[in-house]
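Worksheet for the structure shown next.
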Amino acid sequence: MAKDDVLKLWRQRPFQPFRIVTVVDESIDVVHPNLMLVAGNMITIGRPHPSEPPPSASDGVWLEFSDIARIERLETATPQ
């Protein structure tokens with residue numbers, strides 16, 4: 001997946017949540033722009049904390065852009 005495609009969705013305002021699907025078919029939802037961090041050719045995506053509002057995260061996932069198979073827009077924010 002092209003880095004520019006992911007960054008375009010991340011920077012879009014108003015922000016619209018989206019899902020990243022990895023090459024091993026894992027789905028990770030980006031439900032708030034402050035739950036994603038870009039560092040070179042990698043991103044980290046925070047998983048929303050179950051009892052605190054975003055951008056509080058309970059943990060995170062690091063991915064290389066080459067690990068991303070596709071991105072999908074989400075109609076509503078549904079954290080995993």
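Just remember, in the structure tokens the first chain shown is A, the second B, etc., residues are 1-based per chain, and ligands are 1-based in the order shown.
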(request) For range 7-13 of chain A, list every protein, DNA or RNA residue within 9 Å, evaluated using only C-alpha atoms, and leave out those in the same chain fewer than 6 positions away; present the list as a ChimeraX atom specification. (result) /A:30,32-33,36,38,73
(request) From the DSSP assignment of the backbone, select every residue of range 2-79 of chain A that is strand (DSSP E), and format the answer as a PyMOL selection string. (result) chain A and resi 18-22+27-30+36-39+42-48+57-64+68-73
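CA of Ser56 in chain A lies 25.4 Å from CA of Asp25 in chain A.
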(request) Would you please work out which residue, of A:Glu75, A:Gln16, A:Leu63, A:Val21, is nearest to Asn41 in chain A when using only C-alpha atoms? (result) A:Leu63
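With CA of Leu37 in chain A on one side and CA of Val24 in chain A on the other, the separation reads 21.3 Å.
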Using only C-alpha atoms, find each residue of range 8-56 of chain A with at least one atom at most 7 Å away from an atom of range 66-69 of chain A; report its shortest atom-to-atom pair and that distance in Å (one decimal), sort the rows by chain and rising residue number, and return the result as CSV.
residue,atom,partner,partner_atom,distance
A:Ile20,CA,A:Ile68,CA,6.7
A:Val21,CA,A:Ala69,CA,5.7
A:Thr22,CA,A:Ile68,CA,4.3
A:Val23,CA,A:Ala69,CA,4.8
Store the residues picked out above in a file with C-alpha atoms, as an mmCIF file, in the first residue's frame.
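Result file is result.cif:
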data_model
loop_
_atom_site.group_PDB
_atom_site.id
_atom_site.type_symbol
_atom_site.label_atom_id
_atom_site.label_comp_id
_atom_site.auth_asym_id
_atom_site.auth_seq_id
_atom_site.Cartn_x
_atom_site.Cartn_y
_atom_site.Cartn_z
ATOM 1 C CA ILE A 20 -6.295 -0.963 7.627
ATOM 2 C CA VAL A 21 -6.215 -4.576 6.448
ATOM 3 C CA THR A 22 -2.800 -6.219 6.575
ATOM 4 C CA VAL A 23 -1.291 -8.740 4.188
#
From chain A, collect each residue whose DSSP state is helix (DSSP H, G or I) and return the set as a PDB file with N, CA and C atoms, in the first residue's frame.
ATOM      1  N   LYS A   3       2.278   4.721   0.916  1.00  0.00           N
ATOM      2  CA  LYS A   3       2.293   5.551   2.109  1.00  0.00           C
ATOM      3  C   LYS A   3       1.399   6.773   1.920  1.00  0.00           C
ATOM      4  N   ASP A   4       1.457   7.382   0.742  1.00  0.00           N
ATOM      5  CA  ASP A   4       0.662   8.590   0.474  1.00  0.00           C
ATOM      6  C   ASP A   4      -0.841   8.342   0.584  1.00  0.00           C
ATOM      7  N   ASP A   5      -1.301   7.155   0.211  1.00  0.00           N
ATOM      8  CA  ASP A   5      -2.733   6.836   0.306  1.00  0.00           C
ATOM      9  C   ASP A   5      -3.197   6.800   1.759  1.00  0.00           C
ATOM     10  N   VAL A   6      -2.393   6.205   2.624  1.00  0.00           N
ATOM     11  CA  VAL A   6      -2.740   6.127   4.040  1.00  0.00           C
ATOM     12  C   VAL A   6      -2.690   7.526   4.662  1.00  0.00           C
ATOM     13  N   LEU A   7      -1.643   8.275   4.348  1.00  0.00           N
ATOM     14  CA  LEU A   7      -1.499   9.611   4.920  1.00  0.00           C
ATOM     15  C   LEU A   7      -2.607  10.559   4.458  1.00  0.00           C
ATOM     16  N   LYS A   8      -3.055  10.393   3.240  1.00  0.00           N
ATOM     17  CA  LYS A   8      -4.150  11.233   2.734  1.00  0.00           C
ATOM     18  C   LYS A   8      -5.417  11.029   3.571  1.00  0.00           C
ATOM     19  N   LEU A   9      -5.760   9.780   3.863  1.00  0.00           N
ATOM     20  CA  LEU A   9      -6.927   9.509   4.707  1.00  0.00           C
ATOM     21  C   LEU A   9      -6.719  10.016   6.133  1.00  0.00           C
ATOM     22  N   TRP A  10      -5.535   9.848   6.667  1.00  0.00           N
ATOM     23  CA  TRP A  10      -5.218  10.261   8.031  1.00  0.00           C
ATOM     24  C   TRP A  10      -5.316  11.774   8.199  1.00  0.00           C
ATOM     25  N   ARG A  11      -4.902  12.511   7.164  1.00  0.00           N
ATOM     26  CA  ARG A  11      -4.890  13.978   7.235  1.00  0.00           C
ATOM     27  C   ARG A  11      -6.210  14.614   6.821  1.00  0.00           C
ATOM     28  N   PRO A  33      -7.725  10.552  14.578  1.00  0.00           N
ATOM     29  CA  PRO A  33      -6.419  10.858  13.972  1.00  0.00           C
ATOM     30  C   PRO A  33      -5.269  10.857  14.973  1.00  0.00           C
ATOM     31  N   ASN A  34      -5.543  11.150  16.236  1.00  0.00           N
ATOM     32  CA  ASN A  34      -4.477  11.170  17.239  1.00  0.00           C
ATOM     33  C   ASN A  34      -4.133   9.781  17.774  1.00  0.00           C
ATOM     34  N   LEU A  35      -4.770   8.755  17.229  1.00  0.00           N
ATOM     35  CA  LEU A  35      -4.428   7.382  17.597  1.00  0.00           C
ATOM     36  C   LEU A  35      -3.495   6.750  16.563  1.00  0.00           C
ATOM     37  N   PHE A  65       4.512   0.157   6.137  1.00  0.00           N
ATOM     38  CA  PHE A  65       3.553   0.408   5.060  1.00  0.00           C
ATOM     39  C   PHE A  65       3.467  -0.791   4.115  1.00  0.00           C
ATOM     40  N   SER A  66       4.552  -1.541   3.966  1.00  0.00           N
ATOM     41  CA  SER A  66       4.537  -2.722   3.098  1.00  0.00           C
ATOM     42  C   SER A  66       3.676  -3.856   3.662  1.00  0.00           C
ATOM     43  N   ASP A  67       3.308  -3.776   4.954  1.00  0.00           N
ATOM     44  CA  ASP A  67       2.442  -4.787   5.572  1.00  0.00           C
ATOM     45  C   ASP A  67       0.963  -4.533   5.285  1.00  0.00           C
TER      46      ASP A  67
END
(message) So that I can see what lies close to Ile28 in chain A, please list as a count of residues only the residues with an atom at most 9 Å from it, counting only C-alpha atoms and leaving out residues fewer than 4 positions away in the same chain.
(response) 10
(message) Taking only C-alpha atoms into account, name the residue in A:Glu64, A:Leu74, A:Ala2, A:Phe15 that is nearest to Ile43 in chain A.
(response)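 Using only C-alpha atoms, the shortest distance to Ile43 in chain A belongs to A:Glu64.
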